[in-house]
file run06.pdb (PDB, C-alpha atoms)
ATOM      1  CA  MET A   1      74.817 -11.308 -47.437
ATOM      2  CA  LEU A   2      73.632  -7.730 -46.976
ATOM      3  CA  ASN A   3      70.031  -8.868 -46.873
ATOM      4  CA  SER A   4      70.631 -10.975 -43.795
ATOM      5  CA  SER A   5      72.954  -8.597 -41.992
ATOM      6  CA  ILE A   6      72.048  -6.034 -39.370
ATOM      7  CA  VAL A   7      73.523  -3.346 -41.594
ATOM      8  CA  LYS A   8      70.646  -3.640 -43.995
ATOM      9  CA  GLY A   9      68.112  -2.860 -41.307
ATOM     10  CA  GLN A  10      70.095   0.189 -40.222
ATOM     11  CA  ALA A  11      70.537   1.431 -43.761
ATOM     12  CA  MET A  12      66.860   1.162 -44.528
ATOM     13  CA  SER A  13      65.771   3.044 -41.486
ATOM     14  CA  SER A  14      68.216   5.910 -41.845
ATOM     15  CA  VAL A  15      67.179   9.307 -43.147
ATOM     16  CA  ILE A  16      69.785   9.171 -45.895
ATOM     17  CA  GLY A  17      68.697   5.739 -46.930
ATOM     18  CA  GLU A  18      65.103   6.820 -47.218
ATOM     19  CA  SER A  19      65.724  10.035 -49.082
ATOM     20  CA  SER A  20      68.493   8.935 -51.392
ATOM     21  CA  ILE A  21      67.839   7.501 -54.811
ATOM     22  CA  LEU A  22      70.795   5.250 -54.199
ATOM     23  CA  ALA A  23      69.101   3.468 -51.341
ATOM     24  CA  PRO A  24      69.711  -0.254 -51.819
ATOM     25  CA  THR A  25      66.114  -1.319 -51.725
ATOM     26  CA  GLY A  26      66.527  -4.106 -54.231
ATOM     27  CA  THR A  27      62.997  -3.668 -55.501
ATOM     28  CA  ASP A  28      61.934  -2.937 -59.019
ATOM     29  CA  ARG A  29      59.611  -0.162 -57.957
ATOM     30  CA  LYS A  30      60.522   3.072 -59.726
ATOM     31  CA  ARG A  31      61.437   5.891 -57.375
ATOM     32  CA  GLY A  32      61.339   9.577 -58.136
ATOM     33  CA  ILE A  33      64.625  11.269 -58.807
ATOM     34  CA  THR A  34      63.833  14.178 -56.510
ATOM     35  CA  SER A  35      65.083  14.107 -52.941
ATOM     36  CA  ASP A  36      64.086  16.097 -49.897
ATOM     37  CA  LEU A  37      66.403  18.902 -48.864
ATOM     38  CA  LEU A  38      67.199  18.661 -45.168
ATOM     39  CA  LEU A  39      66.672  22.269 -44.219
ATOM     40  CA  THR A  40      67.436  21.868 -40.520
ATOM     41  CA  ALA A  41      70.903  20.505 -41.229
ATOM     42  CA  LEU A  42      71.501  23.213 -43.841
ATOM     43  CA  ILE A  43      70.545  26.027 -41.487
ATOM     44  CA  ASP A  44      72.682  24.484 -38.730
ATOM     45  CA  ALA A  45      75.708  24.399 -41.025
ATOM     46  CA  PHE A  46      75.076  27.980 -42.153
ATOM     47  CA  SER A  47      74.758  29.157 -38.560
ATOM     48  CA  ILE A  48      78.034  27.508 -37.524
ATOM     49  CA  LEU A  49      79.778  29.021 -40.543
ATOM     50  CA  ILE A  50      78.433  32.488 -39.738
ATOM     51  CA  VAL A  51      79.512  32.254 -36.090
ATOM     52  CA  PHE A  52      83.011  31.120 -37.121
ATOM     53  CA  LEU A  53      83.367  33.906 -39.693
ATOM     54  CA  LEU A  54      82.046  36.538 -37.302
ATOM     55  CA  LEU A  55      84.603  35.479 -34.687
ATOM     56  CA  SER A  56      87.448  35.752 -37.180
ATOM     57  CA  PHE A  57      86.137  39.021 -38.607
ATOM     58  CA  SER A  58      88.508  41.933 -38.402
ATOM     59  CA  SER A  59      87.165  45.434 -38.809
ATOM     60  CA  THR A  60      90.637  46.840 -39.453
ATOM     61  CA  GLY A  61      91.181  44.759 -42.584
ATOM     62  CA  ASP A  62      94.631  44.112 -44.004
ATOM     63  CA  LEU A  63      97.139  46.562 -42.614
ATOM     64  CA  LEU A  64      99.988  45.231 -44.727
ATOM     65  CA  SER A  65     100.089  44.217 -48.334
ATOM     66  CA  LEU A  66     102.296  41.177 -48.818
ATOM     67  CA  SER A  67     103.632  40.204 -52.204
ATOM     68  CA  LYS A  68     103.691  36.520 -53.085
ATOM     69  CA  ASP A  69     107.481  36.364 -52.639
ATOM     70  CA  THR A  70     107.392  37.807 -49.140
ATOM     71  CA  GLU A  71     107.216  35.457 -46.181
ATOM     72  CA  LEU A  72     107.113  37.088 -42.807
ATOM     73  CA  PRO A  73     108.947  35.490 -39.877
ATOM     74  CA  SER A  74     106.708  33.987 -37.226
ATOM     75  CA  ALA A  75     106.656  34.892 -33.548
ATOM     76  CA  ALA A  76     104.267  35.335 -30.664
ATOM     77  CA  GLY A  77     103.897  39.039 -31.271
ATOM     78  CA  GLU A  78     101.382  41.673 -30.335
ATOM     79  CA  ASP A  79      98.468  42.873 -32.427
ATOM     80  CA  LEU A  80      99.468  45.089 -35.303
ATOM     81  CA  GLU A  81      98.227  48.663 -35.438
ATOM     82  CA  ARG A  82      98.264  51.199 -38.236
ATOM     83  CA  HIS A  83     101.595  53.014 -38.401
ATOM     84  CA  PRO A  84     103.845  54.131 -41.261
ATOM     85  CA  VAL A  85     105.196  51.056 -43.035
ATOM     86  CA  VAL A  86     108.749  50.699 -44.287
ATOM     87  CA  LYS A  87     109.095  47.715 -46.547
ATOM     88  CA  PHE A  88     112.124  45.916 -47.957
ATOM     89  CA  GLU A  89     111.100  43.925 -50.997
ATOM     90  CA  SER A  90     112.999  42.662 -54.055
ATOM     91  CA  GLY A  91     116.099  44.565 -52.985
ATOM     92  CA  LYS A  92     114.254  47.889 -52.782
ATOM     93  CA  TYR A  93     113.049  50.056 -49.924
ATOM     94  CA  PHE A  94     109.505  51.368 -49.836
ATOM     95  CA  ILE A  95     107.979  53.875 -47.453
ATOM     96  CA  GLU A  96     104.183  53.661 -47.550
ATOM     97  CA  ASN A  97     104.500  51.802 -50.884
ATOM     98  CA  LYS A  98     106.614  54.581 -52.402
ATOM     99  CA  GLU A  99     110.055  53.476 -53.504
ATOM    100  CA  VAL A 100     113.019  55.279 -51.956
ATOM    101  CA  THR A 101     116.744  54.787 -52.248
ATOM    102  CA  THR A 102     118.951  53.892 -49.293
ATOM    103  CA  ASN A 103     120.373  57.404 -49.215
ATOM    104  CA  ASP A 104     116.910  58.979 -49.152
ATOM    105  CA  LEU A 105     115.539  56.840 -46.320
ATOM    106  CA  VAL A 106     116.282  59.355 -43.568
ATOM    107  CA  GLN A 107     114.915  62.291 -45.562
ATOM    108  CA  ALA A 108     111.763  60.370 -46.507
ATOM    109  CA  LEU A 109     111.160  59.451 -42.871
ATOM    110  CA  LEU A 110     111.748  63.054 -41.799
ATOM    111  CA  ASP A 111     109.200  64.180 -44.410
ATOM    112  CA  LEU A 112     106.758  61.609 -43.067
ATOM    113  CA  ARG A 113     107.282  62.891 -39.567
ATOM    114  CA  LYS A 114     106.829  66.492 -40.689
ATOM    115  CA  SER A 115     103.593  65.769 -42.528
ATOM    116  CA  HIS A 116     102.281  63.868 -39.499
ATOM    117  CA  GLN A 117     103.047  66.802 -37.212
ATOM    118  CA  GLU A 118     101.409  69.261 -39.617
ATOM    119  CA  MET A 119      98.277  67.150 -39.889
ATOM    120  CA  ARG A 120      97.994  66.574 -36.167
ATOM    121  CA  ALA A 121      99.321  69.767 -34.661
ATOM    122  CA  GLY A 122      99.399  69.673 -30.870
ATOM    123  CA  GLU A 123      99.535  65.926 -30.704
ATOM    124  CA  GLU A 124     102.665  64.242 -29.489
ATOM    125  CA  PHE A 125     104.539  62.468 -32.264
ATOM    126  CA  PRO A 126     104.322  58.726 -31.533
ATOM    127  CA  GLY A 127     107.475  57.837 -33.484
ATOM    128  CA  ILE A 128     106.345  54.316 -34.333
ATOM    129  CA  LEU A 129     107.300  52.527 -37.519
ATOM    130  CA  THR A 130     106.294  49.144 -38.891
ATOM    131  CA  VAL A 131     109.020  47.234 -40.714
ATOM    132  CA  GLN A 132     108.008  44.581 -43.206
ATOM    133  CA  ALA A 133     110.592  42.253 -44.755
ATOM    134  CA  ASP A 134     111.007  38.704 -45.930
ATOM    135  CA  ARG A 135     112.197  36.261 -43.282
ATOM    136  CA  ARG A 136     115.277  35.244 -45.348
ATOM    137  CA  VAL A 137     116.647  38.771 -45.685
ATOM    138  CA  LYS A 138     120.105  39.472 -44.231
ATOM    139  CA  PHE A 139     120.436  42.089 -41.551
ATOM    140  CA  GLU A 140     122.837  44.179 -43.645
ATOM    141  CA  GLN A 141     119.796  45.112 -45.740
ATOM    142  CA  LEU A 142     117.618  45.943 -42.754
ATOM    143  CA  SER A 143     120.276  47.829 -40.853
ATOM    144  CA  ALA A 144     119.717  50.902 -43.035
ATOM    145  CA  ILE A 145     116.061  51.024 -41.923
ATOM    146  CA  VAL A 146     116.982  50.673 -38.244
ATOM    147  CA  GLN A 147     119.603  53.383 -38.548
ATOM    148  CA  ALA A 148     117.403  55.748 -40.563
ATOM    149  CA  SER A 149     114.454  55.356 -38.187
ATOM    150  CA  ALA A 150     116.619  56.251 -35.199
ATOM    151  CA  GLN A 151     117.986  59.292 -37.030
ATOM    152  CA  ALA A 152     114.506  60.450 -38.047
ATOM    153  CA  GLY A 153     113.147  60.142 -34.521
ATOM    154  CA  PHE A 154     111.166  56.933 -34.852
ATOM    155  CA  GLY A 155     112.083  55.340 -31.541
ATOM    156  CA  ASP A 156     109.746  52.360 -31.716
ATOM    157  CA  ILE A 157     110.083  49.779 -34.448
ATOM    158  CA  LYS A 158     107.476  47.092 -34.935
ATOM    159  CA  PHE A 159     108.722  44.169 -36.955
ATOM    160  CA  ALA A 160     105.775  42.595 -38.750
ATOM    161  CA  VAL A 161     105.471  38.877 -38.032
ATOM    162  CA  LEU A 162     103.009  36.072 -38.536
ATOM    163  CA  MET A 163     101.386  35.308 -35.228
ATOM    164  CA  LYS A 164     102.279  31.872 -33.858
TER     165      LYS A 164
ATOM    166  CA  MET R   1      30.098  43.867 -30.128
ATOM    167  CA  ALA R   2      31.861  42.015 -32.797
ATOM    168  CA  LYS R   3      33.279  38.788 -31.587
ATOM    169  CA  GLY R   4      36.684  38.118 -33.124
ATOM    170  CA  LYS R   5      37.630  34.696 -34.289
ATOM    171  CA  LYS R   6      40.289  33.082 -32.148
ATOM    172  CA  LYS R   7      43.596  32.926 -33.931
ATOM    173  CA  GLY R   8      45.917  30.013 -33.514
ATOM    174  CA  LEU R   9      49.168  30.559 -31.656
ATOM    175  CA  ASP R  10      51.229  28.664 -34.195
ATOM    176  CA  PHE R  11      53.025  30.593 -36.851
ATOM    177  CA  THR R  12      55.346  29.717 -39.662
ATOM    178  CA  ILE R  13      58.809  31.030 -40.371
ATOM    179  CA  GLU R  14      59.578  31.639 -44.002
ATOM    180  CA  LEU R  15      62.749  29.657 -44.525
ATOM    181  CA  ILE R  16      63.665  30.955 -47.970
ATOM    182  CA  PRO R  17      64.364  34.558 -46.781
ATOM    183  CA  VAL R  18      66.283  33.165 -43.809
ATOM    184  CA  ILE R  19      68.476  31.058 -46.069
ATOM    185  CA  SER R  20      68.948  33.958 -48.483
ATOM    186  CA  LEU R  21      69.981  36.262 -45.651
ATOM    187  CA  MET R  22      72.409  33.689 -44.299
ATOM    188  CA  SER R  23      73.928  33.168 -47.730
ATOM    189  CA  VAL R  24      74.475  36.900 -48.230
ATOM    190  CA  CYS R  25      75.977  37.135 -44.753
ATOM    191  CA  ILE R  26      78.338  34.220 -45.426
ATOM    192  CA  CYS R  27      79.440  35.698 -48.755
ATOM    193  CA  PHE R  28      80.176  39.063 -47.141
ATOM    194  CA  LEU R  29      82.101  37.506 -44.263
ATOM    195  CA  LEU R  30      84.078  35.221 -46.571
ATOM    196  CA  LEU R  31      85.080  38.159 -48.757
ATOM    197  CA  THR R  32      86.135  40.358 -45.846
ATOM    198  CA  ALA R  33      87.763  37.652 -43.711
ATOM    199  CA  VAL R  34      91.446  38.075 -42.849
ATOM    200  CA  TRP R  35      92.980  34.637 -43.072
ATOM    201  CA  ILE R  36      96.543  35.494 -42.060
ATOM    202  CA  ARG R  37      96.954  37.014 -38.618
ATOM    203  CA  ILE R  38      99.805  39.490 -38.660
ATOM    204  CA  GLY R  39     101.304  40.796 -35.453
ATOM    205  CA  SER R  40     104.446  42.657 -34.495
ATOM    206  CA  VAL R  41     107.530  42.319 -32.347
ATOM    207  CA  ASN R  42     108.259  45.660 -30.752
ATOM    208  CA  VAL R  43     111.734  47.084 -30.436
ATOM    209  CA  LYS R  44     112.771  50.341 -28.867
ATOM    210  CA  GLN R  45     115.576  52.399 -30.295
ATOM    211  CA  ALA R  46     117.656  55.005 -28.497
ATOM    212  CA  VAL R  47     116.800  58.409 -29.942
ATOM    213  CA  GLY R  48     118.875  61.238 -28.504
ATOM    214  CA  GLY R  49     117.986  61.999 -24.888
ATOM    215  CA  GLN R  50     120.192  62.107 -21.813
ATOM    216  CA  ALA R  51     123.882  61.491 -21.735
ATOM    217  CA  ALA R  52     124.769  57.898 -20.955
ATOM    218  CA  SER R  53     126.527  58.889 -17.723
ATOM    219  CA  GLU R  54     123.338  60.493 -16.330
ATOM    220  CA  THR R  55     121.039  57.548 -16.893
ATOM    221  CA  GLN R  56     120.630  54.933 -14.227
ATOM    222  CA  LYS R  57     122.350  51.746 -15.241
ATOM    223  CA  LYS R  58     120.181  48.660 -15.345
ATOM    224  CA  PRO R  59     121.083  45.044 -16.011
ATOM    225  CA  THR R  60     121.349  44.449 -19.725
ATOM    226  CA  VAL R  61     122.216  41.452 -21.828
ATOM    227  CA  TRP R  62     123.983  42.064 -25.117
ATOM    228  CA  VAL R  63     123.636  39.379 -27.736
ATOM    229  CA  ALA R  64     125.916  39.256 -30.758
ATOM    230  CA  LEU R  65     124.313  37.145 -33.460
ATOM    231  CA  ASP R  66     126.224  35.966 -36.503
ATOM    232  CA  GLY R  67     125.235  34.515 -39.860
ATOM    233  CA  LYS R  68     125.838  30.923 -38.678
ATOM    234  CA  GLY R  69     123.307  31.219 -35.894
ATOM    235  CA  SER R  70     125.837  31.507 -33.066
ATOM    236  CA  ALA R  71     124.817  33.840 -30.265
ATOM    237  CA  SER R  72     127.304  35.379 -27.825
ATOM    238  CA  PHE R  73     125.757  36.604 -24.592
ATOM    239  CA  GLU R  74     127.298  39.243 -22.386
ATOM    240  CA  VAL R  75     125.564  40.491 -19.253
ATOM    241  CA  ARG R  76     126.455  44.007 -18.133
ATOM    242  CA  ASP R  77     125.671  46.030 -15.010
ATOM    243  CA  SER R  78     124.440  42.984 -13.205
ATOM    244  CA  ARG R  79     125.419  40.746 -10.307
ATOM    245  CA  VAL R  80     124.926  37.469 -12.126
ATOM    246  CA  PRO R  81     127.545  34.785 -11.344
ATOM    247  CA  ALA R  82     130.743  35.009 -13.375
ATOM    248  CA  ARG R  83     129.951  31.774 -15.212
ATOM    249  CA  LEU R  84     126.833  33.398 -16.706
ATOM    250  CA  GLN R  85     128.365  36.736 -17.632
ATOM    251  CA  ARG R  86     129.872  35.690 -20.950
ATOM    252  CA  LEU R  87     128.522  32.716 -22.830
ATOM    253  CA  LYS R  88     128.317  31.560 -26.392
ATOM    254  CA  VAL R  89     125.588  29.342 -27.822
ATOM    255  CA  GLN R  90     126.687  27.730 -31.071
ATOM    256  CA  GLY R  91     124.246  27.592 -33.954
ATOM    257  CA  VAL R  92     122.845  24.307 -35.256
ATOM    258  CA  ASP R  93     122.633  23.876 -39.040
ATOM    259  CA  GLY R  94     123.063  27.595 -39.510
ATOM    260  CA  LYS R  95     120.204  28.425 -37.129
ATOM    261  CA  PRO R  96     120.296  29.601 -33.518
ATOM    262  CA  ASP R  97     119.904  26.797 -30.965
ATOM    263  CA  LEU R  98     116.683  28.201 -29.530
ATOM    264  CA  GLU R  99     116.300  25.536 -26.839
ATOM    265  CA  LYS R 100     119.721  26.351 -25.378
ATOM    266  CA  ILE R 101     119.083  30.058 -25.715
ATOM    267  CA  LYS R 102     115.767  29.751 -23.863
ATOM    268  CA  THR R 103     117.443  27.760 -21.081
ATOM    269  CA  LEU R 104     120.212  30.322 -20.813
ATOM    270  CA  ILE R 105     117.777  33.248 -20.669
ATOM    271  CA  GLY R 106     115.830  31.385 -17.982
ATOM    272  CA  ASP R 107     119.049  30.922 -15.966
ATOM    273  CA  LEU R 108     119.923  34.587 -16.367
ATOM    274  CA  ARG R 109     116.452  35.663 -15.241
ATOM    275  CA  THR R 110     116.673  33.390 -12.209
ATOM    276  CA  ALA R 111     120.055  34.845 -11.272
ATOM    277  CA  GLU R 112     118.993  38.439 -12.004
ATOM    278  CA  PRO R 113     115.196  38.939 -11.896
ATOM    279  CA  ALA R 114     115.647  42.641 -12.739
ATOM    280  CA  LEU R 115     117.060  41.714 -16.111
ATOM    281  CA  ILE R 116     114.424  42.881 -18.581
ATOM    282  CA  THR R 117     116.557  44.565 -21.217
ATOM    283  CA  ALA R 118     118.295  42.898 -24.129
ATOM    284  CA  LEU R 119     120.195  44.430 -27.001
ATOM    285  CA  ILE R 120     120.663  42.363 -30.110
ATOM    286  CA  GLN R 121     123.767  43.044 -32.190
ATOM    287  CA  PRO R 122     123.362  41.103 -35.410
ATOM    288  CA  ASP R 123     126.188  41.075 -37.890
ATOM    289  CA  GLY R 124     125.526  41.797 -41.545
ATOM    290  CA  GLN R 125     125.044  38.124 -42.461
ATOM    291  CA  ALA R 126     122.553  37.364 -39.667
ATOM    292  CA  VAL R 127     119.206  36.271 -41.063
ATOM    293  CA  TYR R 128     116.165  38.390 -40.163
ATOM    294  CA  GLU R 129     114.159  35.308 -39.158
ATOM    295  CA  HIS R 130     116.854  34.259 -36.672
ATOM    296  CA  ILE R 131     116.911  37.724 -35.118
ATOM    297  CA  ILE R 132     113.143  37.564 -34.634
ATOM    298  CA  ASP R 133     113.435  34.034 -33.172
ATOM    299  CA  VAL R 134     115.973  35.232 -30.598
ATOM    300  CA  MET R 135     113.780  38.236 -29.748
ATOM    301  CA  ASP R 136     110.796  35.941 -29.377
ATOM    302  CA  SER R 137     112.768  33.767 -26.945
ATOM    303  CA  PHE R 138     113.596  36.832 -24.863
ATOM    304  CA  LYS R 139     109.990  38.049 -24.822
ATOM    305  CA  LYS R 140     108.725  34.642 -23.782
ATOM    306  CA  ASN R 141     111.137  34.656 -20.849
ATOM    307  CA  GLY R 142     110.071  38.076 -19.602
ATOM    308  CA  VAL R 143     112.846  40.162 -21.157
ATOM    309  CA  ILE R 144     110.503  42.712 -22.685
ATOM    310  CA  ASP R 145     112.698  45.712 -23.462
ATOM    311  CA  LEU R 146     114.437  44.816 -26.675
ATOM    312  CA  GLY R 147     116.689  46.801 -28.931
ATOM    313  CA  VAL R 148     118.535  46.167 -32.165
ATOM    314  CA  THR R 149     121.795  47.888 -32.940
ATOM    315  CA  PRO R 150     122.423  48.833 -36.560
ATOM    316  CA  LEU R 151     125.706  47.902 -38.233
TER     317      LEU R 151
END

call {"tool": "encode", "arguments": {"input": "run06.pdb", "output": "structure tokens"}}
result
Amino acid sequence: MLNSSIVKGQAMSSVIGESSILAPTGTDRKRGITSDLLLTALIDAFSILIVFLLLSFSSTGDLLSLSKDTELPSAAGEDLERHPVVKFESGKYFIENKEVTTNDLVQALLDLRKSHQEMRAGEEFPGILTVQADRRVKFEQLSAIVQASAQAGFGDIKFAVLMK
Amino acid sequence: MAKGKKKGLDFTIELIPVISLMSVCICFLLLTAVWIRIGSVNVKQAVGGQAASETQKKPTVWVALDGKGSASFEVRDSRVPARLQRLKVQGVDGKPDLEKIKTLIGDLRTAEPALITALIQPDGQAVYEHIIDVMDSFKKNGVIDLGVTPL
């Protein structure tokens, strides 16, 4: 049936049909098992891949480290910049990946502020903090961060989200 | 004078180095690619400053959010109609009814275009994701100055 159909003619004349060892020629002639590599198609695919990866390339890298249990909430937020990170994870508070207790939050943030001002004397203190927490967390656990940041002079809080 | 032989204009490109270079480039980009795009929702907190009586009052909407997703809206220092001053949007399946909230914010903005400040008052049981969803609804409707009050 294939021999009489128009499909056969198309299959025989196609590039794949000619280069593939699986081409349904129906003859007994032995064909080599080597096939031509289509370099043009390969270079095209590589070029498209490179363009796509270059467009999604970020020179800043990962600003936050997310554990596998942490799922950020999603929102149409703004781009994230590098600021001190306060994290609530597995029932514990972390400031710049250093564990702190609830009672020490204010003091740790004050220390952070002090060290920033010492390192960049003369510069105005930006008072920006990034808060990272799982989307299912209750506010009673985040309230301590909000309160401590206000007490330590961090007036701007950036809640880390997945961009919609 | 020596007469040089004419050279052909055709030249060949060595494909193997090109492919090698592309492969290295792809490997580097794949390793350094950031697949998850993380952003932020910005919130401003009151830190000291002037006494409340000295500051100029501007229209503000206060939103009390509970653990069941219900949101109670109260507009202060504004001339919005009385029917819009105090409203409650019930939660659906434990989540805030974002469609209704968006409609309500749109109505408030139409009645009071100067309304750009919102203060969220979540209770202890309010879920972080729901707070962010409500904030996102405000931001999308032009209410850009957001604040969260601690417990």

call {"tool": "closest_residue", "arguments": {"input": "run06.pdb", "among": "A:Leu112, A:Ile33, A:Leu42, A:Val106", "to": "Ala152 in chain A", "atoms": "all atoms listed in the file"}}
result
A:Val106

call {"tool": "residues_around", "arguments": {"input": "run06.pdb", "residues": "range 68-80 of chain A", "least_positions_apart": "2", "cutoff": "8 Å", "atoms": "all atoms listed in the file", "output": "MDAnalysis selection string"}}
result
(chainID A and resid 63 66 82 89 132:135 160:164) or (chainID R and resid 38:42 128:129 132:133 136)

call {"tool": "residues_around", "arguments": {"input": "run06.pdb", "residues": "Ile19 in chain R", "least_positions_apart": "6", "cutoff": "10 Å", "atoms": "only C-alpha atoms", "output": "ChimeraX atom specification"}}
result
/A:39,42-43,46-47 /R:25

call {"tool": "residues_around", "arguments": {"input": "run06.pdb", "residues": "Gln147 in chain A", "least_positions_apart": "6", "cutoff": "10 Å", "atoms": "only C-alpha atoms", "output": "ChimeraX atom specification"}}
result
/A:105-106,154 /R:45,148-151

call {"tool": "closest_residue", "arguments": {"input": "run06.pdb", "among": "R:Ala111, R:Ile131, R:Leu146, R:Val34", "to": "Arg79 in chain R", "atoms": "all atoms listed in the file"}}
result
R:Ala111

call {"tool": "axis_aligned_box", "arguments": {"input": "run06.pdb", "around": "range 61-75 of chain A", "padding_each_side": "5 Å", "output": "lines of an AutoDock Vina configuration file"}}
result
center_x = 100.1
center_y = 40.3
center_z = -43.3
size_x = 27.8
size_y = 22.6
size_z = 29.5

call {"tool": "atom_distance", "arguments": {"input": "run06.pdb", "atom1": "CA of Val18 in chain R", "atom2": "CA of Leu49 in chain A"}}
result
14.5 Å

call {"tool": "residues_around", "arguments": {"input": "run06.pdb", "residues": "Phe125 in chain A", "least_positions_apart": "2", "cutoff": "8 Å", "atoms": "all atoms listed in the file", "output": "PDB file with C-alpha atoms, keeping the file's coordinate frame"}}
result
ATOM      1  CA  ARG A 113     107.282  62.891 -39.567  1.00  0.00           C
ATOM      2  CA  HIS A 116     102.281  63.868 -39.499  1.00  0.00           C
ATOM      3  CA  GLN A 117     103.047  66.802 -37.212  1.00  0.00           C
ATOM      4  CA  GLU A 123      99.535  65.926 -30.704  1.00  0.00           C
ATOM      5  CA  GLY A 127     107.475  57.837 -33.484  1.00  0.00           C
TER       6      GLY A 127
END

call {"tool": "atom_distance", "arguments": {"input": "run06.pdb", "atom1": "CA of Phe94 in chain A", "atom2": "CA of Arg120 in chain A"}}
result
23.5 Å

call {"tool": "resolve_selection", "arguments": {"input": "run06.pdb", "expression": "the PyMOL selection byres ((chain R and resi 81-92) around 10)", "output": "number ranges by chain"}}
result
R: 61-76, 78-80, 93-98, 100-101, 104-105, 107-108, 111-112

call {"tool": "resolve_selection", "arguments": {"input": "run06.pdb", "expression": "the PyMOL selection byres ((chain R and resi 127) around 6)", "output": "list in words"}}
result
Arg136, Val137, Lys138 and Phe139 of chain A; Ala126, Tyr128, Glu129 and His130 of chain R

call {"tool": "closest_residue", "arguments": {"input": "run06.pdb", "among": "A:Gln107, A:Ser56, A:Thr40, A:Thr34", "to": "Thr32 in chain R", "atoms": "all atoms listed in the file"}}
result
A:Ser56

call {"tool": "resolve_selection", "arguments": {"input": "run06.pdb", "expression": "the PyMOL selection byres ((chain A and resi 145) around 10)", "output": "list in words"}}
result
Val86, Lys87, Phe88, Tyr93, Thr102, Leu105, Val106, Leu109, Leu129, Val131, Phe139, Glu140, Gln141, Leu142, Ser143, Ala144, Val146, Gln147, Ala148, Ser149, Ala150, Gln151 and Ile157 of chain A; Pro150 of chain R

call {"tool": "atom_distance", "arguments": {"input": "run06.pdb", "atom1": "CA of Leu64 in chain A", "atom2": "CA of Val85 in chain A"}}
result
8.0 Å

call {"tool": "residues_around", "arguments": {"input": "run06.pdb", "residues": "Phe138 in chain R", "least_positions_apart": "5", "cutoff": "8 Å", "atoms": "only C-alpha atoms", "output": "NGL selection string"}}
result
:R and (102 or 105 or 118 or 143-144)

call {"tool": "closest_residue", "arguments": {"input": "run06.pdb", "among": "R:Val43, R:Ala33, R:Ile26, R:Leu119", "to": "Ile48 in chain A", "atoms": "only C-alpha atoms"}}
result
R:Ile26

call {"tool": "closest_residue", "arguments": {"input": "run06.pdb", "among": "A:Ile50, A:Lys158, A:Glu124, A:Phe57", "to": "Ser23 in chain R", "atoms": "only C-alpha atoms"}}
result
A:Ile50
